Structures are given as C-alpha cells and as structure tokens.
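**Student:** I'd like to ask some things about the structure below.
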Amino acid sequence: MTDRQLATEYPPSGEAAYTQDLADRLQAKIIKDNPTGIMRRDAHPKMHGVVKAEFIIEQNLAPKLRVGLFKEAVTYQAWIRFSNQNGTMQPDIKGDIRGMAIKLMGVPGEKILEQEQDERTHDFIVISTNVFVTADVQEFDALIKALTSNVLAIAWFFLTHFRVGWNLYKSMIKFANPLQIRYFSTTPYAFGDAAVKYSATPHVATPDTIPTDPSDDYLRLAMMSQLEKGDALFDFSVQFQTDADTMPIEDPGKEWLETVSPFRKLATIRIPQQEFDSAKQKEFGENLSFSPWHALPVHRPLGGINRARRVVYRAISMFRHEYNKAARREPTSWDI
C-alpha cells in the first residue's frame with residue numbers, strides 16, 4: 001500500500017523529454033510509411049467508416065453520475081470514426097486493436113485546449129482492449145523506438161518488457177464487425193472530483209461471423225450491411241476508481257477490475273440506419289482530428305499517456321493537415 005490519493009496524478013521526472021522524443025519518432029514514422037499519396041495518421045490510419053450518431057444521455061441518472069456532460073438528459077449529434085490501429089494499411093483479417101473515436105457536437109462550455117477552447121465539440125476515444133499496451137510514456141517511447149529499428153531491437157525490447165508483450169498479444173484479435181465490439185478508454189479521466197474509465201458496449205442480438213474468404217476490407221462491408229438494415233446501439237458507461245493502488249492513474253497497462261468497480265451506464269449511442277461510403281464522407285473522415293483533450297475541464301484526461309497525447313496528437317494532426325493541404329476544423333453538424 002502507498003499513500004497515493006484517488007483521482008490524483010503523479011507525473012514522473014523526465015516525462016516531457018520522452019513525450020517530445022515520441023512525437024518526433026511518430027512523425028518520422030508516418031513520413032516513412034507514406035512515401036506517396038496523403039499523409040495518414042500514425043495510428044488508426046485505416047478507416048472502416050465515419051458515421052452519423054446520436055449520444056443520448058440517460059434520464060434520471062444517480063446524483064453521482066450527473067457530472068459535466070451528463071448533468072442533463074440531452075441528446076448530442078455526433079460523428080464516430082471506426083478504424084484499425086496498425087500504422088500501416090493491412091487486411092482486416094489480421095489481428096489488431098480496433099478504434100471507435102466519438103466526436104460530440106453542440107457541447108456548450110469552454111474546453112481545455114486553448115486553440116479550441118470555444119469549439120462546441122467533445123471527444124471520447126475508446127479501443128477494443130481494456131488495457132493500454134505500456135505503463136507510461138517512457139515505456140511507450142521505448143516501444144516505438146524498438147518497432148522502428150530492427151528485429152534484434154524488437155526482440156530485446158519484448159524480452160525485457162514481458163507485460164508489454166502480453167498486453168499487445170492479448171489485444172491482437174480478429175473481429176467480425178466494428179459495430180459489435182466492446183470498446184474501452186484504457187486511460188483514466190476526471191469525472192468531477194473522481195477518476196473514471198469509459199466503455200462502449202454494443203447491443204448484439206445475433207453476432208456476425210468472420211467470412212470464410214474475407215476481403216481486405218470486410219469490416220467496412222460488415223458495417224455497411226448492418227446499417228443498411230437498421231440502427232446500431234451501444235451503451236456508454238463509466239467505471240469509478242475506488243482504490244489508488246490497484247486502480248492506478250499513472251499505469252493504464254493495469255486493468256481496473258470490473259468485479260471491484262462495475263461499469264454504470266451514462267448514455268446510449270444510436271448510430272441510425274444510413275449510407276456512409278461516399279467519397280465525400282471518406283475524405284471528411286480522413287481529415288477529422290480526434291483528441292481526448294477536446295473536452296470540458298470537468299472530464300480532463302488523467303495520467304502520463306494522456307498527457308503525452310496532448311502534445312503528440314496535436315503535433316501529428318498539424319503536420320498531416322499541413323502536408324495534405326487540408327483545413328483543420330471541428331464539425332458543427334451532420335452536414336459535410
């Protein structure tokens with residue numbers, strides 16, 4: 001046991017230097033990975049689709065849950081981008097982490113980022129695994145350094161970082177449909193005076209199966225097929241930190257056990273029946289930027305990985321948009 005407090009950050013020394021090194025390495029990586037065509041994201045470059053959605057806050061939430069965005073039972077329009085994590089575009093049948101990036105619109109209140117404090121968007125970023133790969137920025141920077149070096153460097157890294165290898169191995173899963181995956185924030189966030197993690201859980205009556213001879217883009221096709229027939233629904237839920245040692249803020253590679261602190265529903269995500277495969281919508285999704293720091297201060301990201309994201313996400317987004325000669329803008333409606 002330690003004397004650490006709930007919902008409290010404990011930044012390690014040297015984190016800023018590792019964060020800058022990470023940003024530099026990731027920018028160099030996308031330059032190498034995209035020698036022709038547009039400059040894509042360093043992670044989650046392959047988009048299955050960006051779709052219109054509604055984020056419907058629950059009626060009659062318990063007082064503990066009525067915080068910030070969730071104070072009132074309102075409905076926000078949203079855009080949601082589904083993607084593969086791997087930094088290179090690869091067939092969907094390969095095991096990978098899948099992403100669900102949610103951008104709410106029409107959210108009042110001053111936001112955290114100075115450059116976008118007057119924007120009316122609020123982002124949530126969740127992925128298909130319940131733990132982050134590494135414990136902190138230093139370890140993540142070392143992972144990227146190894147992965148962009150050579151086979152010996154990669155082998156040595158995983159021999160000396162067993163938990164990173166195990167977390168990564170567990171996350172490399174094949175899925176049938178991005179609309180039928182459970183997603184997690186992995187990193188913690190403020191929730192008023194508390195610390196929480198988020199999860200999006202799909203409503204699935206009859207789950208899809210992976211095709212016997214899948215195309216490289218079968219996940220997009222599965223989404224198209226489901227949304228041709230009807231809506232897709234998710235429960236958006238919150239898990240409270242109840243122990244500062246077993247549910248750490250500074251180590252998102254450690255699971256917060258649901259048996260200790262179960263998730264509690266905050267909202268319903270409704271993705272209405274729609275077509276989303278137009279060239280215009282694909283371009284729109286490619287140019288959208290997401291960041292956990294597109295947020296109200298009451299829902300401030302916590303922990304070292306999130307602190308690094310503030311720097312890295314902006315640097316990569318600025319570089320990509322400048323390279324691609326694409327405007328950086330926050331959407332205000334479903335019109336594109």
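Identifiers in this document derive from the order of the structure tokens: chains are assigned A, B, ..., residues are numbered from 1 separately in each chain, and ligands are numbered from 1 in order of occurrence.
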Using DSSP assignments from the backbone, pull out every residue in region 99-257 of chain A that falls under strand (DSSP E) and give it to me as a PyMOL selection string.

**Tutor:** chain A and resi 99-105+121-127+183-184+189-191+194-202+232-240

**Student:** Set the distance at 7 Å and use only C-alpha atoms: which residues neighbour Ile271 (chain A) once local chain neighbours fewer than 6 positions away are removed? I'd like the list as a list in words.

**Tutor:**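 The contact residues come out as Lys52, Ala53, Glu54, Asp231, Ala232 and Leu233 of chain A.
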
**Student:** Please, could you write that set of residues out with C-alpha atoms as a compact mmCIF listing (two decimals), in the first residue's frame?

**Tutor:**
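Result file is out.txt:
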```txt
# COMPACT_ATOMS: atom_id res chain seq x y z
CA LYS A 52 -23.55 9.90 -38.01
CA ALA A 53 -24.67 9.10 -34.48
CA GLU A 54 -26.67 10.33 -31.51
CA ASP A 231 -29.67 1.11 -36.32
CA ALA A 232 -26.65 0.11 -34.25
CA LEU A 233 -26.73 0.74 -30.50
```

**Student:** Write out as a list in words each polymer residue whose atoms come within 12 Å of Lys145 (chain A), counting only C-alpha atoms; drop sequence neighbours fewer than 3 positions from it.

**Tutor:**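 Neighbouring residues, sequence-local ones excluded: Tyr18, Asp21, Leu22, Ala23, Asp24, Arg25, Leu26, Ala28, Lys29, Gln138, Glu139, Phe140, Asp141, Ala142, Thr148, Ser149, Asn150, Val151, Leu152, Ala153, Ile154, Trp156 and Phe157 of chain A.
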
**Student:** Which neighbours of Lys94 (chain A) fall inside 8 Å, counting only C-alpha atoms, when residues of the same chain fewer than 4 positions from it are skipped, and could you give them as a compact mmCIF listing (two decimals) with C-alpha atoms, in the first residue's frame?

**Tutor:**
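Final file, part_36.txt:
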```txt
# COMPACT_ATOMS: atom_id res chain seq x y z
CA GLN A 90 -3.36 -4.04 -43.87
CA ILE A 173 -7.87 -10.04 -32.07
CA LYS A 174 -9.86 -10.75 -35.22
```

**Student:** Which one is closest to Lys111 (chain A): A:Gly68, A:Gly303, A:Pro272, A:Gly37? Count only C-alpha atoms.

**Tutor:**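 Closest to Lys111 (chain A) of all the choices is A:Gly68.
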
**Student:** Could you give me, as a PyMOL selection string, the residues within 12 Å of Asp3 (chain A), counting only C-alpha atoms and dropping anything in the same chain fewer than 5 positions from it?

**Tutor:** chain A and resi 8+10+243-245

**Student:** Find the spatial neighbours of region 176-191 of chain A, counting only C-alpha atoms, within a cut-off of 8 Å - ignore same-chain residues fewer than 4 positions away - and output them as a PyMOL selection string.

**Tutor:** chain A and resi 7+67-68+82+98-100+124-132+195-204+207-211+219-220+222-223+232+249+252-253+298-303+305-306

**Student:** Looking at A:Met247, A:Ala315, A:Leu168, A:Ala16, which one is nearest to Arg4 (chain A), with distances taken over only C-alpha atoms?

**Tutor:**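 Ranked by minimum distance to Arg4 (chain A), first place goes to A:Met247.
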
**Student:** Counting only C-alpha atoms, which residue out of A:Gln20, A:Ser317, A:Thr212, A:Thr88 sits closest to Asp33 (chain A)?

**Tutor:**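 Under the stated criterion, the closest residue is A:Thr88.
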
**Student:** Between CA of Arg270 (chain A) and CA of Glu110 (chain A), what distance in Å does the model show, to one decimal?

**Tutor:**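 Here the two named atoms are 26.0 Å from each other.
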
**Student:** Neighbours of Phe290 (chain A) within 12 Å (only C-alpha atoms; same-chain residues fewer than 6 positions away dropped), as a PDB file with C-alpha atoms, in the first residue's frame?

**Tutor:**
```pdb
ATOM      1  CA  ARG A  41      -2.301   9.016 -39.050  1.00  0.00           C
ATOM      2  CA  ALA A  43      -2.157   5.026 -35.531  1.00  0.00           C
ATOM      3  CA  HIS A  44      -5.624   4.078 -36.748  1.00  0.00           C
ATOM      4  CA  TRP A  79     -19.618  11.683 -35.676  1.00  0.00           C
ATOM      5  CA  ILE A  80     -17.983   8.318 -34.945  1.00  0.00           C
ATOM      6  CA  ARG A  81     -14.923   7.001 -36.783  1.00  0.00           C
ATOM      7  CA  PHE A  82     -14.170   3.248 -36.709  1.00  0.00           C
ATOM      8  CA  GLY A  99     -10.788   2.010 -32.577  1.00  0.00           C
ATOM      9  CA  MET A 100     -14.000   3.950 -32.001  1.00  0.00           C
ATOM     10  CA  ALA A 101     -13.443   7.721 -31.916  1.00  0.00           C
ATOM     11  CA  ILE A 102     -16.525   9.693 -30.865  1.00  0.00           C
ATOM     12  CA  LYS A 103     -16.964  13.414 -31.511  1.00  0.00           C
ATOM     13  CA  LEU A 104     -19.976  15.047 -29.887  1.00  0.00           C
ATOM     14  CA  THR A 121     -17.085  19.532 -29.708  1.00  0.00           C
ATOM     15  CA  HIS A 122     -16.148  16.932 -27.096  1.00  0.00           C
ATOM     16  CA  ASP A 123     -14.256  13.725 -27.949  1.00  0.00           C
ATOM     17  CA  PHE A 124     -14.145  10.243 -26.425  1.00  0.00           C
ATOM     18  CA  ILE A 125     -11.563   7.747 -27.740  1.00  0.00           C
ATOM     19  CA  VAL A 126     -12.086   4.054 -26.989  1.00  0.00           C
ATOM     20  CA  ARG A 309      -1.419  12.572 -26.174  1.00  0.00           C
ATOM     21  CA  ARG A 310      -1.975  16.300 -25.682  1.00  0.00           C
ATOM     22  CA  VAL A 312       1.617  14.138 -29.793  1.00  0.00           C
ATOM     23  CA  TYR A 313      -1.919  14.264 -31.198  1.00  0.00           C
ATOM     24  CA  ARG A 314      -1.695  17.966 -31.925  1.00  0.00           C
ATOM     25  CA  ILE A 316       0.788  14.835 -35.791  1.00  0.00           C
ATOM     26  CA  SER A 317      -2.544  16.436 -36.714  1.00  0.00           C
ATOM     27  CA  MET A 318      -0.932  19.793 -37.531  1.00  0.00           C
ATOM     28  CA  ARG A 328      -8.313  21.637 -39.668  1.00  0.00           C
ATOM     29  CA  ARG A 329     -11.823  22.299 -38.460  1.00  0.00           C
ATOM     30  CA  GLU A 330     -14.237  20.991 -35.896  1.00  0.00           C
ATOM     31  CA  PRO A 331     -17.628  19.971 -37.319  1.00  0.00           C
TER      32      PRO A 331
END
```

**Student:** Please identify the alpha helix (DSSP H) residues within region 213-246 of chain A (assignment by DSSP from backbone atoms) and present them as a PyMOL selection string.

**Tutor:** chain A and resi 218-229

**Student:** How would the residues just picked look written out with C-alpha atoms as a PDB file, in the first residue's frame?

**Tutor:**
```
ATOM      1  CA  TYR A 218     -14.633  -6.896 -44.856  1.00  0.00           C
ATOM      2  CA  LEU A 219     -15.072  -4.860 -41.648  1.00  0.00           C
ATOM      3  CA  ARG A 220     -16.305  -1.875 -43.638  1.00  0.00           C
ATOM      4  CA  LEU A 221     -18.612  -4.153 -45.612  1.00  0.00           C
ATOM      5  CA  ALA A 222     -19.996  -5.611 -42.373  1.00  0.00           C
ATOM      6  CA  MET A 223     -20.767  -2.108 -41.112  1.00  0.00           C
ATOM      7  CA  MET A 224     -22.433  -1.207 -44.400  1.00  0.00           C
ATOM      8  CA  SER A 225     -24.571  -4.340 -44.316  1.00  0.00           C
ATOM      9  CA  GLN A 226     -25.732  -3.777 -40.727  1.00  0.00           C
ATOM     10  CA  LEU A 227     -26.546  -0.086 -41.242  1.00  0.00           C
ATOM     11  CA  GLU A 228     -28.460  -0.843 -44.450  1.00  0.00           C
ATOM     12  CA  LYS A 229     -30.895  -2.888 -42.335  1.00  0.00           C
TER      13      LYS A 229
END
```

**Student:** Return the single residue from A:Ala267, A:Ala308, A:Val260, A:Val51 that is closest to Leu65 (chain A), with distances computed using only C-alpha atoms.

**Tutor:**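 That would be A:Ala267, the residue with the smallest distance to Leu65 (chain A).
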
**Student:** Between CA of Ile31 (chain A) and CA of Glu114 (chain A), what is the distance in Å, rounded to a tenth?

**Tutor:**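 Calculated distance between CA of Ile31 (chain A) and CA of Glu114 (chain A) is 27.7 Å.
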